[in-house]
Structures are given as C-alpha cells and as structure tokens.
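> Sharing a structure here in structure tokens format.
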Amino acid sequence: MPVSDGQLIKSEKEILSILSRLRERATPITIQPDESASQLTTYIESIYPEKQEIVLDSPLPDFRHSLLLNRYLTLTTRYNGCLLTLSDVLMTAIAGDEDKRYRMAVPKAVHLLQRRQAYRAPVRSLLRIEAKLFQGEELVLAGRLKDLSTGGCCIVLDNNQSNLFEDFTKTYLLQLVFPNGDEFSVNAQVVRADYNDASHHTDVGCFFVEISHPQEQFANRVVGDLQRDFIAHSRGNVHEMPALFMPQVSVKKTALEDVVAVEEQVVKGKTPLNQEMNDLLAGQDVLRVWTPAAPVDIKKAYASAETVIKACINHFRIDKGLPIEQAKEACVHLLMAYKQDRQGLLILTRPRHLETYLIEHSVSYAIGFADVVTAQFPEHASDELIEKILLGGLLHNIAQASLPEGLQHYELLVTEQERQQHVDELHRMIRQLEALKTLPHETLCIVRDFHERLDGSGIPNQKRDEELNRVSKMASALYALERLSHIWHQQEWYYHPLHAFKQLIAQPELYHLTSLRALFKQYGKFPLGAAVQLSDQTLALVMRQDDQGYPTYVRVVYDLTFDSLVPPRDILLTESSGIHVERAVNPLKYKIASKLLRLSLKS
C-alpha cells in the first residue's frame with residue numbers, strides 16, 4: 001500500500017468541500033488496489049452527506065472489478081496542483097445497478113501533499129509567457145514558462161539543451177515577458193536541466209536568489225493570477241483573465257486603407273462571391289474599424305443565446321410577438337465572444353442533450369453559419385451582416401419547437417400529418433417575421449428557406465435550385481450538416497461530422513455542392529470537438545486547430561492498447577513531435593459514454 005504523506009485533513013466540512021469540487025470538475029480518480037500493480041480509474045458521481053456516502057462511476061477497465069472486492073484501496077487524484085490521497089478505502093458494488101457503480105464511505109481523513117515549500121502554479125498550455133536567461137549582456141536561452149512559484153520556476157526549451165547547464169553555481173538574470181508586454185526580472189540559478197525524449201523538450205528548473213521584497217510580491221501576485229487563470233479557463237470564464245495575460249491587440253487598418261484595398265480587389269477581379277451573393281449583401285458596411293473590447297464570458301454569451309431561444313419559443317407558442325430586441329442583444333454578445341475566442345465558443349456548441357436538443361442545435365447552427373461566412377467570405381463579413389446571420393440562426397427552428405415534443409426532435413418529421421403541421425407552423429413564423437419591417441432580409445432568408453432542397457422536396461414552399469439565393473442554399477446545407485453530425489445511439493448523442501459530410505456529398509441533387517465544399521473547408525479534416533486517433537494508439541478530442549484547420553491541442557480520453565478509458569490528458573501537438581493525428585474516428589465504435597465525452601469538452 002502506498003505510504004500517505006502531506007497535510008492530514010480531518011475536518012468533515014473541508015473533506016466534503018474537496019470531494020464536491022472533484023465531482024464538479026469531473027476530476028479522474030486513480031484506484032490502487034492493495035498488493036496489486038494494476039490501477040483503475042473512476043469519477044465521483046454523487047455525494048450524500050446525510051448518509052456519509054459517495055457513489056462512484058463504474059471503474060475502468062471493467063475486467064479489473066474483481067480487484068476491488070474485499071480489499072483495501074488507495075485513491076489518489078490531483079486537487080489544486082497537490083496530490084490528494086484517500087487511504088484504506090473499501091468500495092462496494094451497488095447490487096443490481098446497470099451502470100456497475102460503486103459506493104464508499106466519506107473518509108474520516110485525507111492527505112494533501114504539496115511537494116514544494118512554495119506553491120508552484122502551472123501555466124496552461126495555450127498561455128505563452130516568454131522566459132529568457134541572460135549571462136551579463138549575452139542571451140543564453142529563450143523558452144516559455146511552464147510553472148512559477150515565489151521561490152522559483154520551470155522553463156521549457158525546444159530540443160536537447162541540457163549541455164548548457166553543466167555548472168549549476170552560475171547566477172543568471174531571468175526575464176519573463178507576459179502577453180500584455182509587461183516584464184519581470186530576477187536573479188536565478190539553475191538546479192536541474194532534464195531532457196524529455198518523448199516530447200523533445202528540455203525542462204530547466206530554477207530558483208530565485210537575492211530576491212527583493214517587491215520582486216517577491218510581484219511573483220506572488222503572478223502565482224495567484226496563474227491559479228485564477230487556470231480555474232477560469234477550465235470553466236470557460238475567460239472574462240476573469242488577468243490583465244497580464246491579455247494579449248496586445250493591433251488595431252485594424254483605417255477605413256480609408258480598407259476602401260483602397262476593396263477597390264483594388266474589384267479592379268483585379270478578385271471578388272470571391274458570385275453575383276447573387278453580391279446582390280444579396282449589397283449595401284453592407286465592410287469598413288467598420290475594429291477596436292478591442294473588454295473580455296466577455298463566452299459561456300454566459302452562449303447561455304444568453306439559449307435563454308433567448310426559450311423566450312422566443314414561449315412567445316411563439318401563445319402567438320405573442322417575438323422578443324426580437326432581446327435576440328439582437330444576444331447576437332451582439334455572441335459576436336463579441338466569437339471575436340474573443342472563436343474556437344472556445346465553437347467547442348461549447350458540440351454537446352447535445354435529449355431534453356434541450358433543439359435549443360443547443362439552434363445556437364450551434366447560428367454560430368456555425370457566422371463562422372463559415374466570416375472565414376470564407378471575409379470581404380463581406382461586416383459585424384452587421386454577422387449579427388443578422390446569428391439572428392437568423394437563433395430563430396430558424398422556433399416553429400418546430402411549437403410541435404409536440406418539438407424540443408426533442410432530431411430527425412425530419414416524416415408522417416404526412418407531422419409534415420403538414422410543421423409547414424403550417426413555418427408559414428405562421430414567416431408571416432410573423434415578415435410583419436417586422438425592420439427585420440433584416442438575410443435573417444428572413446435563413447428562417448424561410450433552411451428546410452428547402454434543390455430538387456423541390458423541401459418545405460414550406462418546395463422551392464427549387466433556381467429559386468434559392470446563395471444564403472438560402474448555405475442555410476439548407478448547414479442545417480443538414482448540423483443534424484447529421486450528431487448521431488443518436490442508445491439514448492446518447494455522439495458527434496461525428498465526417499459521417500455527415502459523406503452523406504451530404506452523396507446527395508448533390510439535394511444540397512448545394514459549393515456550399516458543402518465551403519463548409520468542409522471551414523470544419524477541416526479534423527473538426528473541433530471531433531474524435532481522432534493519435535499515433536501513440538490513443539483516442540483524443542480536438543480542442544484547438546491552427547490556421548489551416550490541423551489540430552494543435554487535443555485531449556486524450558481513450559487508450560486503444562488496453563481498450564479502456566483513461567483520465568483526460570492534454571497534449572499540445574506542436575510541442576510533441578513524436579505524436580501526430582492519424583485519422584478521424586467514429587466514437588460510437590468504442591465504449592465511451594457520451595456524458596464523459598461531454599465532460600471532457602467542458603473541462
């Protein structure tokens with residue numbers, strides 16, 4: 001049995017608080033059975049303080065459940081950067097439980113181990129803080145900060161540079177450069193330089209010497225900022241980003257320079273849109289000068305869009321005027337969130353739940369439409385146009401929500417009675433929108449035509465190819481892609497967009513091929529939130545992409561070698577030369593619960 005160490009915590013209130021945070025964050029817990037080299041992984045599903053009982057998800061892998069019976073166990077996990085240990089634990093299988101869950105008593109004591117005298121805060125993968133070491137006036141090395149405490153730090157360097165530090169008695173000047181341009185300098189000595197063969201990086205450990213009180217105060221503040229930043233980003237609350245970590249923003253060209261650029265495009269014949277799109281977008285202000293805005297909480301912006309859709313559904317069901325102004329305000333918030341963290345906002349749109357499928361789909365549809373127009377038609381993607389597209393996306397499926405069980409419908413209605421009822425509700429919705437004289441034309445096109453098909457088999461007006469404008473064709477193609485990308489299987493949703501693309505491209509008589517190509521180009525071969533197989537025989541979710549749509553940051557969730565789930569682990573592919581993406585995969589083929597995939601995308 002591993003030896004427990006660290007701070008012994010016996011307070012029942014503090015222990016329950018720690019366990020509750022582990023449950024909220026879906027933190028993986030490692031189970032080490034006594035007298036066994038094997039390990040299992042689980043999560044806290046529920047806590048019942050009145051019963052002094054904890055319910056755990058089915059430990060993985062399943063075939064090791066026999067190791068849990070009638071023996072003491074040690075549970076370990078990470079809590080705020082510290083090793084949390086629960087010793088001498090007994091777990092009992094819940095009899096007759098289909099999910100194979102286990103229960104255990106709330107422990108009377110836990111150990112919290114911090115290995116360093118001063119807490120060392122990690123720097124999240126996507127936050128780059130430059131670190132430089134100087135010997136006099138000479139720059140010895142430049143890398144990035146990995147973690148920081150008031151007593152020292154760790155720096156990551158590319159390739160093997162451990163030979164630079166054979167003499168650990170030297171004192172260097174360490175300079176940290178933060179994203180906002182601020183700098184922090186302190187004297188430091190190198191205590192270790194370890195090369196990692198797998199990642200091809202050198203970790204350089206430093207401790208600060210001759211540190212002044214103001215320097216220590218500044219380092220302490222940055223450590224606190226790093227902690228808050230890490231927690232805020234794990235929850236999506238990017239409005240809490242400390243000022244030090246806000247990147248410097250360069251202001252766009254002046255309106256006059258933009259006029260010249262647009263005129264040159266026209267003269268050279270390089271305008272990318274066909275005439276019908278030009279006609280539709282005529283009069284848009286493409287010359288708005290962008291200025292940086294205050295950070296917004298992308299999760300709150302997403303939630304505000306869901307709230308608006310619910311309000312519109314309730315108003316429409318009782319034939320009351322739609323809260324359009326409220327919807328427009330939500331679109332402004334979505335646009336701000338999109339500009340601030342495009343990929344982070346798109347990740348939020350991937351999960352689906354049965355009870356709120358239609359609402360989640362509508363927000364995803366709106367953001368996806370805005371995304372493809374912004375990227376594929378940048379010359380016309382003014383803020384005004386994007387807000388109109390977002391508004392059309394939020395409103396497009398309100399009519400379906402008024403049908404029986406409308407919020408849960410994920411397939412096209414097939415019976416003649418359902419189809420006719422849906423057509424009637426669509427016409428009622430369109431009439432209500434047409435009565436709004438200030439409603440943008442683009443918004444109305446999306447709501448009116450997203451169900452139409454090129455061969456005339458769509459609803460509500462059975463329009464054919466030549467009757468649909470460019471926006472309407474894109475609306476129809478994107479709607480089909482959104483619906484087919486989410487697969488319903490055994491009461492669970494699974495996201496597999498390439499499955500949808502294959503189906504759509506095979507139906508050129510129904511969907512506009514040029515629109516499908518633009519969508520495929522925008523989503524990429526490995527879309528955000530999709531499951532991919534890595535070269536180390538693990539499965540991961542794509543969390544970030546580069547400008548070419550290739551994954552740069554993934555979250556590992558499954559090990560193919562052992563055919564089992566693993567605690568979520570993040571990999572920055574740009575710094576892991578030994579690991580690369582091999583192919584997109586269908587998560588349905590593996591025993592991964594959809595709720596675990598959703599939790600991994602949220603965390």
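The chains in the structure tokens are called A, B, ... from first to last as shown; in each chain the residues are counted from 1, and the ligands are counted from 1 in the order shown.
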Extract, using only C-alpha atoms, all DNA, RNA and protein residues at most 7 Å from Leu426 in chain A, discarding same-chain residues fewer than 3 positions from it, and format them as an NGL selection string.
:A and (399 or 422-423 or 429-430 or 460)
> Return the single residue from A:Ser199, A:Ser87, A:Thr307, A:Asn220 that is closest to Thr150 in chain A, with distances computed using only C-alpha atoms.
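That would be A:Asn220, the residue with the smallest distance to Thr150 in chain A.
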> Please return, as a PyMOL selection string, all residues of range 287-385 of chain A that DSSP assigns to alpha helix (DSSP H) on the basis of the backbone.
chain A and resi 298-317+324-340+342-348+357-376+383-385
> Using only C-alpha atoms, determine which residues lie at most 7 Å from range 538-543 of chain A, disregarding the query and same-chain residues fewer than 5 positions distant; provide the list as a PyMOL selection string.
chain A and resi 527-533+551+553-560
> So, with only C-alpha atoms as the atoms that count, which of A:Gln7, A:Ser600, A:Ser472, A:Ser364 lies closest to Thr443 in chain A?
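Comparing A:Gln7, A:Ser600, A:Ser472, A:Ser364 against Thr443 in chain A, the winner is A:Ser472.
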> Rounded to one decimal, what separation in Å do you get between CA of His111 in chain A and CA of Leu40 in chain A?
19.9 Å
> Would you please work out which residue, of A:Ile309, A:Ile459, A:Leu69, A:Leu345, is nearest to Leu395 in chain A when using only C-alpha atoms?
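Of A:Ile309, A:Ile459, A:Leu69, A:Leu345, the one nearest Leu395 in chain A is A:Ile309, counting only C-alpha atoms.
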> Tell me which of A:Gln175, A:Thr27, A:Thr356, A:Gln340 sits closest to Ile44 in chain A, counting only C-alpha atoms.
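Smallest separation from Ile44 in chain A among the options: A:Thr27.
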> Name the closest residue to Cys153 in chain A among the candidates A:Phe218, A:Phe63, A:Phe178, A:Phe207; distances are taken between atoms, counting only C-alpha atoms.
A:Phe207
> If you count only C-alpha atoms, which residues fall within 10 Å of range 49-52 of chain A, apart from same-chain ones fewer than 3 positions away, as a PyMOL selection string?
chain A and resi 12-13+16+46+104-108
> Quick one: distance from CA of Ile398 in chain A to CA of Phe316 in chain A in Å, one decimal?
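Atom-to-atom, CA of Ile398 in chain A and CA of Phe316 in chain A are spaced 7.5 Å apart.
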> Would you mind listing what lies within 10 Å of Ile18 in chain A as a ChimeraX atom specification, with only C-alpha atoms counted and same-chain residues fewer than 3 positions away left out?
/A:12-15,21-23,79-80,84,110
